[in-house]
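Peer 1: Before I ask anything, let me first share the structure, which is written out below as structure tokens.
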Number of protein chains: 2
Amino acid sequence: MPLTGAMFIGSERRIGQGPVLEPVDPRTGASLHPGYGSGSATDVEDACQLADLAAPELRATPPERRAAFLERVAERVEQLGGELVERAVAESGLPEGRISGEVGRTTGQLRLFAAEIRDGGWAGVRIDPALPDRSPQPRPDLRQRQLAVGPVAVFGASNFPLAFSVAGGDTAAALAAGCPVVVKGHEAHLGTCELVGSAVAAAVRECGMPEGTFSLLYGSGPEVGQALVADPRIQAVGFTGSRAGGTALMRTAAARPRPIPVHAEMSSVNPVFLLPGALRDRATEIAEGFVGSLTLGAGQFCTNPGLLAAVRGPALTEFLDVAAARLAEAAGQTMLTRGIHAAYERSVAEIASVEGVREVASGSPGEDGNAGVARLFTVDAEVFLRRPELQEEAFGAAATVVVCEDAEQLARVAGALDGQLTVTVQHGSGDRDTAAALLPVLETRAGRLLFNGWPTGVEVGHAMVHGGPYPATSDGRTTSVGTLAIERFLRPVCYQSMPADLLPPALADDNPLGLPRRVDGTRETVRA
Amino acid sequence: MPLTGAMFIGSERRIGQGPVLEPVDPRTGASLHPGYGSGSATDVEDACQLADLAAPELRATPPERRAAFLERVAERVEQLGGELVERAVAESGLPEGRISGEVGRTTGQLRLFAAEIRDGGWAGVRIDPALPDRSPQPRPDLRQRQLAVGPVAVFGASNFPLAFSVAGGDTAAALAAGCPVVVKGHEAHLGTCELVGSAVAAAVRECGMPEGTFSLLYGSGPEVGQALVADPRIQAVGFTGSRAGGTALMRTAAARPRPIPVHAEMSSVNPVFLLPGALRDRATEIAEGFVGSLTLGAGQFCTNPGLLAAVRGPALTEFLDVAAARLAEAAGQTMLTRGIHAAYERSVAEIASVEGVREVASGSPGEDGNAGVARLFTVDAEVFLRRPELQEEAFGAAATVVVCEDAEQLARVAGALDGQLTVTVQHGSGDRDTAAALLPVLETRAGRLLFNGWPTGVEVGHAMVHGGPYPATSDGRTTSVGTLAIERFLRPVCYQSMPADLLPPALADDNPLGLPRRVDGTRETVRA
């Protein structure tokens with residue numbers, strides 16, 4: 001498909017008249033064609049207007065139609081084939097295998113949400129039938145369901161040009177809920193955005209969805225992004241990116257005449273607790289697993305393990321020796337953009353400049369000037385507890401090991417943690433009680449707790465939580481990965497004494513959609 | 001029980017050393033004893049510290065223990081008997097029958113949440129079992145549950161001294177979720193607060209709940225209230241009150257180093273659409289029902305019908321004539337406080353001052369100087385659509401009828417509405433299509449849609465939604481009445497590859513708590 005650089009304003013293709021953004025191959029620094037003209041305030045308004053017009057129809061589409069639509073999007077993305085992989089590799093510098101895998105993850109995610117729409121539990125149907133003879137007052141007929149909130153603005157991430165981008169998790173969840181989506185494409189991979197945008201737009205057309213179901217804009221965060229979040233027709237925001245970017249959107253959303261929720265996934269250092277028994281049992285294995293997780297994809301994962309904590313001793317020394325050796329062998333990998341590489345170098349320099357921080361190892365240089373060199377530091381817990389900046393995310397393959405004097409200090413480190421996407425516990429012989437004592441603190445600090453694993457690699461399923469307390473996200477009550485994410489874009493509505501000929505199918509007595517329901521508080525066991 | 005004016009800081013009774021707040025009988029203006037010394041920053045910190053200490057234990061209590069605790073609170077409130085009713089009547093000016101009913105509603109609500117805890121659906125258990133042989137990558141064991149967010153600050157409402165106060169809906173929902181609660185008592189009914197606080201504190205003691213499960217502070221919103229919301233240990237806020245109060249707390253919560261969600265129920269004019277057939281069929285009946293709902297409790301309900309819309313014609317004239325006659329007969333009722341009465345008079349004067357607004361009727365004066373006199377206005381839709389201030393809530397028995405030229409203008413009025421707690425449709429012969437055409441707009445504007453009823457009188461059940469888009473509430477994704485409210489105070493956590501001997505009972509394979517679960521996406525049908 002020839003790339004044109006045009007936005008998708010509903011079914012219209014439109015070249016933005018603002019500053020032209022040029023995607024760059026991070027491996028070579030070469031510009032990639034075409035350029036992408038930034039959208040204007042009018043473009044934002046037009047996309048939002050179409051989304052607003054589409055919202056009532058999309059909200060009311062039968063679940064089966066929305067499921068079929070998501071499946072069609074998946075098919076259309078697959079049909080982009082090698083062209084999509086090639087473009088995403090060129091724009092991200094990520095290896096072809098990784099990108100191919102991400103295409104599969106993205107289409108799998110769309111199909112999982114199609115299945116979730118059919119499941120119907122998300123509709124949250126509750127019926128409290130009328131009790132006309134109740135005294136002192138009769139009870140009216142009350143029926144509750146979850147309804148799409150309306151147009152959603154989606155901001156993709158630099159590090160997942162497919163799975164957290166134009167047709168990624170937020171888009172899939174919002175469309176599944178019945179919300180139109182206006183995406184602002186990430187500047188680092190605009191060609192990939194256009195290709196995937198064409199797939200979504202084709203599916204909208206082929207499935208007869210309302211025109212404003214999907215739009216894709218290009219432009220800068222401070223201009224197009226902020227205008228999008230400020231638009232009164234937008235009802236919710238999904239964002240994956242930096243803490244600065246996410247908090248800027250949070251402020252804009254809160255300052256609107258009618259504030260709206262922002263679901264921003266921002267920053268996490270994903271602490272790993274290496275308990276004493278685990279280090280005694282398998283220091284080498286853990287060190288190797290750690291370096292593998294740390295350096296995967298140049299460390300450019302939201303769940304990258306950037307902080308470790310352990311008690312001083314020979315087993316920890318062994319762990320550090322092996323980790324340092326493995327890290328030194330790790331060749332630097334191309335980072336997503338020059339800007340991300342420069343930010344990584346600044347973050348690493350800041351960590352290194354803290355008095356008491358020691359560099360234990362440094363990876364070997366990469367093949368190009370944009371390669372991020374892995375780094376491993378240690379710091380005593382006493383220093384760590386005094387220096388909150390050591391909890392800030394260095395986006396890339398850098399980690400700091402916090403060396404504690406004893407289990408009590410390890411618990412203090414746990415208690416001092418900011419909100420995280422994940423916390424991992426490496427446990428072994430005799431660690432059960434130590435782990436059990438840490439758990440009540442750790443489960444207040446993260447959306448996901450892992451045991452004897454590594455946080456990179458986020459399963460897309462029903463039980464996953466990719467979220468966590470601030471600053472991991474703006475709102476720890478949801479997830480951006482997995483089927484529970486559909487709840488971000490729904491709100492409950494109660495219908496009181498609604499006449500049968502007005503009731504939506506989801507709430508009709510005979511349950512034509514076969515939805516799971518609670519009737520008078522009791523779960524119905526039979527499904528249609 | 002002798003009132004002492006002392007706060008409850010966990011199990012400690014402490015007299016606040018700040019300015020003394022004196023409850024006043026709104027009927028007479030007489031001060032009621034004792035005075036209530038305002039808490040200090042230290043008092044706020046001590047209560048929050050105790051709550052924070054209690055949080056891990058409370059979060060982990062078996063559901064049955066929390067259910068029994070809520071039932072014990074209900075019993076203890078009932079045991080306050082006539083003393084509670086007498087004090088609440090004196091502090092609120094509300095009739096004894098209303099207060100007695102509200103005691104029943106409050107205890108019923110506590111017991112409903114006890115039943116909801118036992119139901120267990122709120123725990124949101126999802127298990128995706130490990131798939132060790134899956135290719136290309138195995139799936140780890142993933143288990144998700146909903147976990148209490150931690151200490152919650154609760155701000156009661158002036159107009160429900162029991163059901164939305166110390167042991168009201170927010171407190172019941174938060175305790176049910178497993179969150180410690182710090183209440184700031186409403187200044188208008190501090191004696192009622194102290195009595196109910198003693199009931200909760202006794203139940204905490206008798207049920208062996210952790211000390212910090214419950215605290216009750218006195219003081220002003222700008223000082224004690226803001227300090228409470230700013231305290232880093234508080235994880236969520238429940239508030240019912242004015243828009244100014246709610247938005248002030250929203251700002252404080254958003255400005256914290258770690259922002260937290262605020263669930264503020266604020267302001268709503270609860271529009272009623274009088275469709276043509278309904279007015280033709282039963283203008284008189286509707287007018288009588290309307291005036292009854294408008295003047296109930298001096299109009300001091302969040303769901304008071306303050307705005308009506310109808311098409312001009314003889315049937316509307318008949319409605320207005322009957323409504324005006326009934327309203328003129330309605331004697332003014334004592335309002336909750338002098339401040340609320342004065343604010344009502346200001347709001348009414350502001351409505352009357354808008355050019356094009358006509359006063360149709362005024363109620364008769366009440367027995368005391370604090371009585372709110374009912375008011376009914378009309379305004380042409382053309383004016384209404386130009387004057388957004390006519391959508392602002394006048395807290396009290398005042399309503400404005402928006403007179404439309406035709407169905408198209410009625411639809412434009414619907415489209416111009418702010419977020420509401422409720423929207424009501426009065427429909428009759430031949431109105432089906434008009435109602436159906438309005439619904440897609442109306443259901444985006446409110447948490448509850450009523451048909452041929454009146455919005456006052458909120459059923460406490462499973463299907464109720466007492467919420468709605470801003471400015472009805474700060475966040476339309478939840479409810480402050482009904483069992484769904486428990487979700488406000490929960491967040492999902494995923495446990496990956498957790499060893500069986502660390503798994504909490506809620507997530508154990510053999511499901512010892514008998515919770516409803518989704519396993520690999522499928523709802524289990526059998527409960528233990």
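Convention: chains lettered A, B, ... in structure tokens order; per-chain residue numbering from 1; ligands numbered from 1 as shown.
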Mind checking DSSP for range 99-240 of chain B and telling me the strand (DSSP E or B) residues as a ChimeraX atom specification?
Peer 2: /B:125-128,131,139,142-148,152-155,181-184,214-217,236-240
Peer 1: Please produce an output containing N, CA and C atoms for each residue in the selection, written as a compact mmCIF listing (two decimals), in the first residue's frame.
Peer 2:
```
# COMPACT_ATOMS: atom_id res chain seq x y z
N VAL B 125 -12.65 -12.52 41.05
CA VAL B 125 -11.60 -13.53 40.88
C VAL B 125 -11.58 -14.06 39.45
N ARG B 126 -10.41 -13.99 38.85
CA ARG B 126 -10.18 -14.53 37.50
C ARG B 126 -8.90 -15.35 37.55
N ILE B 127 -8.97 -16.56 37.08
CA ILE B 127 -7.79 -17.43 37.07
C ILE B 127 -7.54 -17.89 35.64
N ASP B 128 -6.36 -17.56 35.13
CA ASP B 128 -5.91 -18.10 33.84
C ASP B 128 -4.82 -19.11 34.17
N LEU B 131 -0.17 -22.62 31.18
CA LEU B 131 -0.13 -23.50 30.00
C LEU B 131 1.35 -23.74 29.70
N ARG B 139 2.40 -20.17 29.06
CA ARG B 139 1.67 -19.16 29.82
C ARG B 139 1.88 -19.44 31.30
N LEU B 142 -1.84 -17.17 36.21
CA LEU B 142 -2.21 -15.78 36.51
C LEU B 142 -3.53 -15.77 37.27
N ARG B 143 -3.55 -15.06 38.39
CA ARG B 143 -4.76 -14.99 39.21
C ARG B 143 -5.02 -13.54 39.59
N GLN B 144 -6.21 -13.10 39.31
CA GLN B 144 -6.57 -11.70 39.57
C GLN B 144 -7.65 -11.62 40.63
N ARG B 145 -7.53 -10.62 41.49
CA ARG B 145 -8.62 -10.32 42.41
C ARG B 145 -8.71 -8.82 42.62
N GLN B 146 -9.81 -8.38 43.20
CA GLN B 146 -9.99 -6.98 43.56
C GLN B 146 -9.62 -6.81 45.03
N LEU B 147 -8.82 -5.78 45.29
CA LEU B 147 -8.26 -5.59 46.61
C LEU B 147 -8.61 -4.19 47.12
N ALA B 148 -8.84 -4.09 48.43
CA ALA B 148 -9.16 -2.79 49.03
C ALA B 148 -8.05 -1.78 48.76
N VAL B 152 -9.85 5.39 53.44
CA VAL B 152 -10.78 6.22 52.69
C VAL B 152 -11.28 7.37 53.57
N ALA B 153 -11.30 8.57 53.01
CA ALA B 153 -11.88 9.73 53.70
C ALA B 153 -13.33 9.88 53.25
N VAL B 154 -14.24 10.01 54.21
CA VAL B 154 -15.66 10.13 53.90
C VAL B 154 -16.20 11.47 54.43
N PHE B 155 -16.90 12.17 53.56
CA PHE B 155 -17.55 13.44 53.91
C PHE B 155 -19.05 13.26 53.75
N VAL B 181 -11.87 3.70 57.42
CA VAL B 181 -12.58 4.93 57.08
C VAL B 181 -12.26 6.01 58.10
N VAL B 182 -11.94 7.21 57.59
CA VAL B 182 -11.85 8.39 58.44
C VAL B 182 -12.95 9.34 57.98
N VAL B 183 -13.93 9.58 58.85
CA VAL B 183 -15.07 10.44 58.50
C VAL B 183 -14.81 11.85 59.03
N LYS B 184 -15.12 12.85 58.20
CA LYS B 184 -15.24 14.19 58.74
C LYS B 184 -16.73 14.44 58.90
N PHE B 214 -11.87 2.76 62.05
CA PHE B 214 -12.82 3.88 62.01
C PHE B 214 -12.35 5.02 62.88
N SER B 215 -12.38 6.24 62.32
CA SER B 215 -12.16 7.46 63.10
C SER B 215 -13.18 8.49 62.65
N LEU B 216 -13.47 9.42 63.53
CA LEU B 216 -14.44 10.48 63.23
C LEU B 216 -13.88 11.80 63.72
N LEU B 217 -13.69 12.73 62.78
CA LEU B 217 -13.13 14.04 63.10
C LEU B 217 -14.19 15.12 62.95
N ALA B 236 -8.52 7.21 48.79
CA ALA B 236 -9.72 7.53 48.02
C ALA B 236 -10.63 8.39 48.90
N VAL B 237 -11.53 9.12 48.24
CA VAL B 237 -12.41 10.05 48.94
C VAL B 237 -13.85 9.81 48.50
N GLY B 238 -14.76 9.78 49.46
CA GLY B 238 -16.19 9.77 49.17
C GLY B 238 -16.81 11.04 49.73
N PHE B 239 -17.56 11.75 48.91
CA PHE B 239 -18.09 13.05 49.31
C PHE B 239 -19.50 13.19 48.76
N THR B 240 -20.40 13.76 49.56
CA THR B 240 -21.70 14.17 49.05
C THR B 240 -21.93 15.58 49.54
```
Peer 1: Show which residues sit within 9 Å of range 100-105 of chain B, as a list in words. Count only C-alpha atoms, and ignore same-chain residues fewer than 3 positions away.
Peer 2: Val77, Glu78, Gly82, Leu84, Val85, Pro95, Glu96, Gly97, Gly108, Gln109, Leu110, Phe160, Pro161, Leu162, Ala163 and Val460 of chain B
Peer 1: For those residues, write all heavy atoms to a file as a JSON list (two decimals), in the first residue's frame.
Peer 2:
```json
[["chain", "number", "residue", "atom", "x", "y", "z"],
["B", 77, "VAL", "N", -26.44, 0.87, 65.80],
["B", 77, "VAL", "CA", -27.17, 2.08, 65.40],
["B", 77, "VAL", "C", -28.63, 1.96, 65.84],
["B", 77, "VAL", "O", -29.21, 2.90, 66.39],
["B", 77, "VAL", "CB", -27.06, 2.32, 63.87],
["B", 77, "VAL", "CG1", -28.01, 3.43, 63.42],
["B", 77, "VAL", "CG2", -25.62, 2.68, 63.49],
["B", 78, "GLU", "N", -29.22, 0.79, 65.63],
["B", 78, "GLU", "CA", -30.60, 0.59, 66.06],
["B", 78, "GLU", "C", -30.75, 0.79, 67.56],
["B", 78, "GLU", "O", -31.74, 1.35, 68.03],
["B", 78, "GLU", "CB", -31.07, -0.82, 65.69],
["B", 78, "GLU", "CG", -31.56, -0.92, 64.25],
["B", 78, "GLU", "CD", -31.63, -2.36, 63.76],
["B", 78, "GLU", "OE1", -31.25, -3.28, 64.50],
["B", 78, "GLU", "OE2", -32.07, -2.53, 62.60],
["B", 82, "GLY", "N", -34.51, 6.09, 70.30],
["B", 82, "GLY", "CA", -35.14, 7.41, 70.27],
["B", 82, "GLY", "C", -34.17, 8.55, 70.44],
["B", 82, "GLY", "O", -34.40, 9.66, 69.92],
["B", 84, "LEU", "N", -31.26, 8.88, 69.15],
["B", 84, "LEU", "CA", -30.71, 9.23, 67.83],
["B", 84, "LEU", "C", -31.73, 10.01, 67.01],
["B", 84, "LEU", "O", -31.40, 11.03, 66.40],
["B", 84, "LEU", "CB", -30.29, 7.95, 67.10],
["B", 84, "LEU", "CG", -29.75, 8.15, 65.67],
["B", 84, "LEU", "CD1", -28.47, 8.98, 65.68],
["B", 84, "LEU", "CD2", -29.49, 6.80, 65.00],
["B", 85, "VAL", "N", -32.96, 9.52, 67.01],
["B", 85, "VAL", "CA", -34.00, 10.18, 66.22],
["B", 85, "VAL", "C", -34.20, 11.61, 66.73],
["B", 85, "VAL", "O", -34.25, 12.57, 65.94],
["B", 85, "VAL", "CB", -35.32, 9.38, 66.28],
["B", 85, "VAL", "CG1", -36.44, 10.15, 65.59],
["B", 85, "VAL", "CG2", -35.14, 8.00, 65.64],
["B", 95, "PRO", "N", -38.66, 16.03, 59.71],
["B", 95, "PRO", "CA", -39.70, 15.42, 60.54],
["B", 95, "PRO", "C", -39.25, 14.08, 61.13],
["B", 95, "PRO", "O", -38.43, 13.39, 60.53],
["B", 95, "PRO", "CB", -40.87, 15.21, 59.56],
["B", 95, "PRO", "CG", -40.54, 15.97, 58.33],
["B", 95, "PRO", "CD", -39.07, 16.16, 58.31],
["B", 96, "GLU", "N", -39.84, 13.74, 62.26],
["B", 96, "GLU", "CA", -39.45, 12.51, 62.95],
["B", 96, "GLU", "C", -39.64, 11.27, 62.07],
["B", 96, "GLU", "O", -38.82, 10.35, 62.07],
["B", 96, "GLU", "CB", -40.25, 12.38, 64.25],
["B", 96, "GLU", "CG", -39.83, 11.20, 65.07],
["B", 96, "GLU", "CD", -40.61, 11.10, 66.38],
["B", 96, "GLU", "OE1", -40.87, 12.16, 66.99],
["B", 96, "GLU", "OE2", -40.95, 9.98, 66.77],
["B", 97, "GLY", "N", -40.75, 11.25, 61.31],
["B", 97, "GLY", "CA", -41.02, 10.09, 60.46],
["B", 97, "GLY", "C", -39.93, 9.91, 59.41],
["B", 97, "GLY", "O", -39.49, 8.79, 59.13],
["B", 108, "GLY", "N", -30.47, -0.86, 56.92],
["B", 108, "GLY", "CA", -30.73, -1.77, 55.80],
["B", 108, "GLY", "C", -29.57, -1.77, 54.83],
["B", 108, "GLY", "O", -29.18, -2.81, 54.28],
["B", 109, "GLN", "N", -29.00, -0.60, 54.63],
["B", 109, "GLN", "CA", -27.86, -0.45, 53.72],
["B", 109, "GLN", "C", -26.64, -1.20, 54.27],
["B", 109, "GLN", "O", -25.93, -1.88, 53.52],
["B", 109, "GLN", "CB", -27.57, 1.05, 53.63],
["B", 109, "GLN", "CG", -26.59, 1.50, 52.62],
["B", 109, "GLN", "CD", -26.73, 3.01, 52.38],
["B", 109, "GLN", "OE1", -27.24, 3.43, 51.36],
["B", 109, "GLN", "NE2", -26.30, 3.83, 53.32],
["B", 110, "LEU", "N", -26.40, -1.09, 55.56],
["B", 110, "LEU", "CA", -25.28, -1.82, 56.16],
["B", 110, "LEU", "C", -25.48, -3.32, 55.99],
["B", 110, "LEU", "O", -24.54, -4.06, 55.66],
["B", 110, "LEU", "CB", -25.17, -1.46, 57.66],
["B", 110, "LEU", "CG", -24.65, -0.03, 57.93],
["B", 110, "LEU", "CD1", -25.05, 0.42, 59.34],
["B", 110, "LEU", "CD2", -23.13, 0.02, 57.76],
["B", 160, "PHE", "N", -28.81, 14.21, 54.53],
["B", 160, "PHE", "CA", -29.10, 12.86, 55.01],
["B", 160, "PHE", "C", -28.20, 12.61, 56.21],
["B", 160, "PHE", "O", -27.14, 12.01, 56.08],
["B", 160, "PHE", "CB", -28.82, 11.82, 53.92],
["B", 160, "PHE", "CG", -29.93, 11.69, 52.91],
["B", 160, "PHE", "CD1", -29.96, 12.48, 51.77],
["B", 160, "PHE", "CD2", -30.96, 10.77, 53.12],
["B", 160, "PHE", "CE1", -30.99, 12.36, 50.85],
["B", 160, "PHE", "CE2", -31.99, 10.64, 52.20],
["B", 160, "PHE", "CZ", -32.01, 11.43, 51.06],
["B", 161, "PRO", "N", -28.63, 13.08, 57.39],
["B", 161, "PRO", "CA", -27.74, 13.01, 58.56],
["B", 161, "PRO", "C", -27.40, 11.58, 58.98],
["B", 161, "PRO", "O", -26.51, 11.38, 59.80],
["B", 161, "PRO", "CB", -28.52, 13.74, 59.66],
["B", 161, "PRO", "CG", -29.93, 13.83, 59.17],
["B", 161, "PRO", "CD", -29.89, 13.77, 57.69],
["B", 162, "LEU", "N", -28.06, 10.61, 58.37],
["B", 162, "LEU", "CA", -27.75, 9.22, 58.69],
["B", 162, "LEU", "C", -27.31, 8.43, 57.45],
["B", 162, "LEU", "O", -26.25, 7.85, 57.43],
["B", 162, "LEU", "CB", -28.98, 8.55, 59.34],
["B", 162, "LEU", "CG", -29.34, 9.20, 60.69],
["B", 162, "LEU", "CD1", -30.79, 9.04, 61.03],
["B", 162, "LEU", "CD2", -28.44, 8.65, 61.78],
["B", 163, "ALA", "N", -28.13, 8.43, 56.41],
["B", 163, "ALA", "CA", -27.89, 7.53, 55.28],
["B", 163, "ALA", "C", -26.69, 7.94, 54.43],
["B", 163, "ALA", "O", -26.09, 7.10, 53.75],
["B", 163, "ALA", "CB", -29.13, 7.43, 54.40],
["B", 460, "VAL", "N", -32.25, 1.51, 47.57],
["B", 460, "VAL", "CA", -30.92, 0.96, 47.84],
["B", 460, "VAL", "C", -30.94, -0.51, 47.44],
["B", 460, "VAL", "O", -31.56, -1.32, 48.13],
["B", 460, "VAL", "CB", -30.56, 1.11, 49.34],
["B", 460, "VAL", "CG1", -29.15, 0.58, 49.58],
["B", 460, "VAL", "CG2", -30.66, 2.57, 49.77]]
```
Peer 1: Find the distance between CA of Pro469 in chain A and CA of Ala172 in chain B and write it in Å to one decimal.
Peer 2: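 Between CA of Pro469 in chain A and CA of Ala172 in chain B the gap is 23.5 Å.
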Peer 1: So how many Å separate CA of Ala90 in chain A and CA of Gly366 in chain A, to one decimal?
Peer 2: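 Computed distance, CA of Ala90 in chain A to CA of Gly366 in chain A, equals 17.1 Å.
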Peer 1: Which residue is closest to chain B? Choose from A:Glu45, A:Asp52, A:Glu83, A:Glu223 and count only C-alpha atoms.
Peer 2: A:Asp52
Peer 1: Point out the residue among A:Leu320, A:Val441, A:Val403, A:Ala188 with the least atom-to-atom distance to Pro56 in chain B, counting only C-alpha atoms.
Peer 2: A:Val441
Peer 1: May I ask which of the residues B:Leu490, B:Ala506, B:Ala54, B:Val269 is the closest one to chain A, counting only C-alpha atoms?
Peer 2: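 Smallest separation from chain A among the options: B:Leu490.
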Peer 1: Kindly indicate which residue among A:Ala176, A:Met464, A:Ala114, A:Ala399 lies nearest to chain B, using only C-alpha atoms for the distances.
Peer 2: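 Looking at the shortest contact to chain B, the residue is A:Met464.
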Peer 1: Find the residues around Cys193 in chain A up to 8 Å (only C-alpha atoms counted), leave out those fewer than 4 positions away in its own chain, and share them as a VMD selection string.
Peer 2: chain A and resid 161 165 to 166 185 to 186 189 197
Peer 1: Calculated over only C-alpha atoms, which of the candidates B:Val224, B:Ala508, B:Val149, B:Pro210 has the smallest distance to Ala446 in chain A?
Peer 2: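 Smallest separation from Ala446 in chain A among the options: B:Val149.
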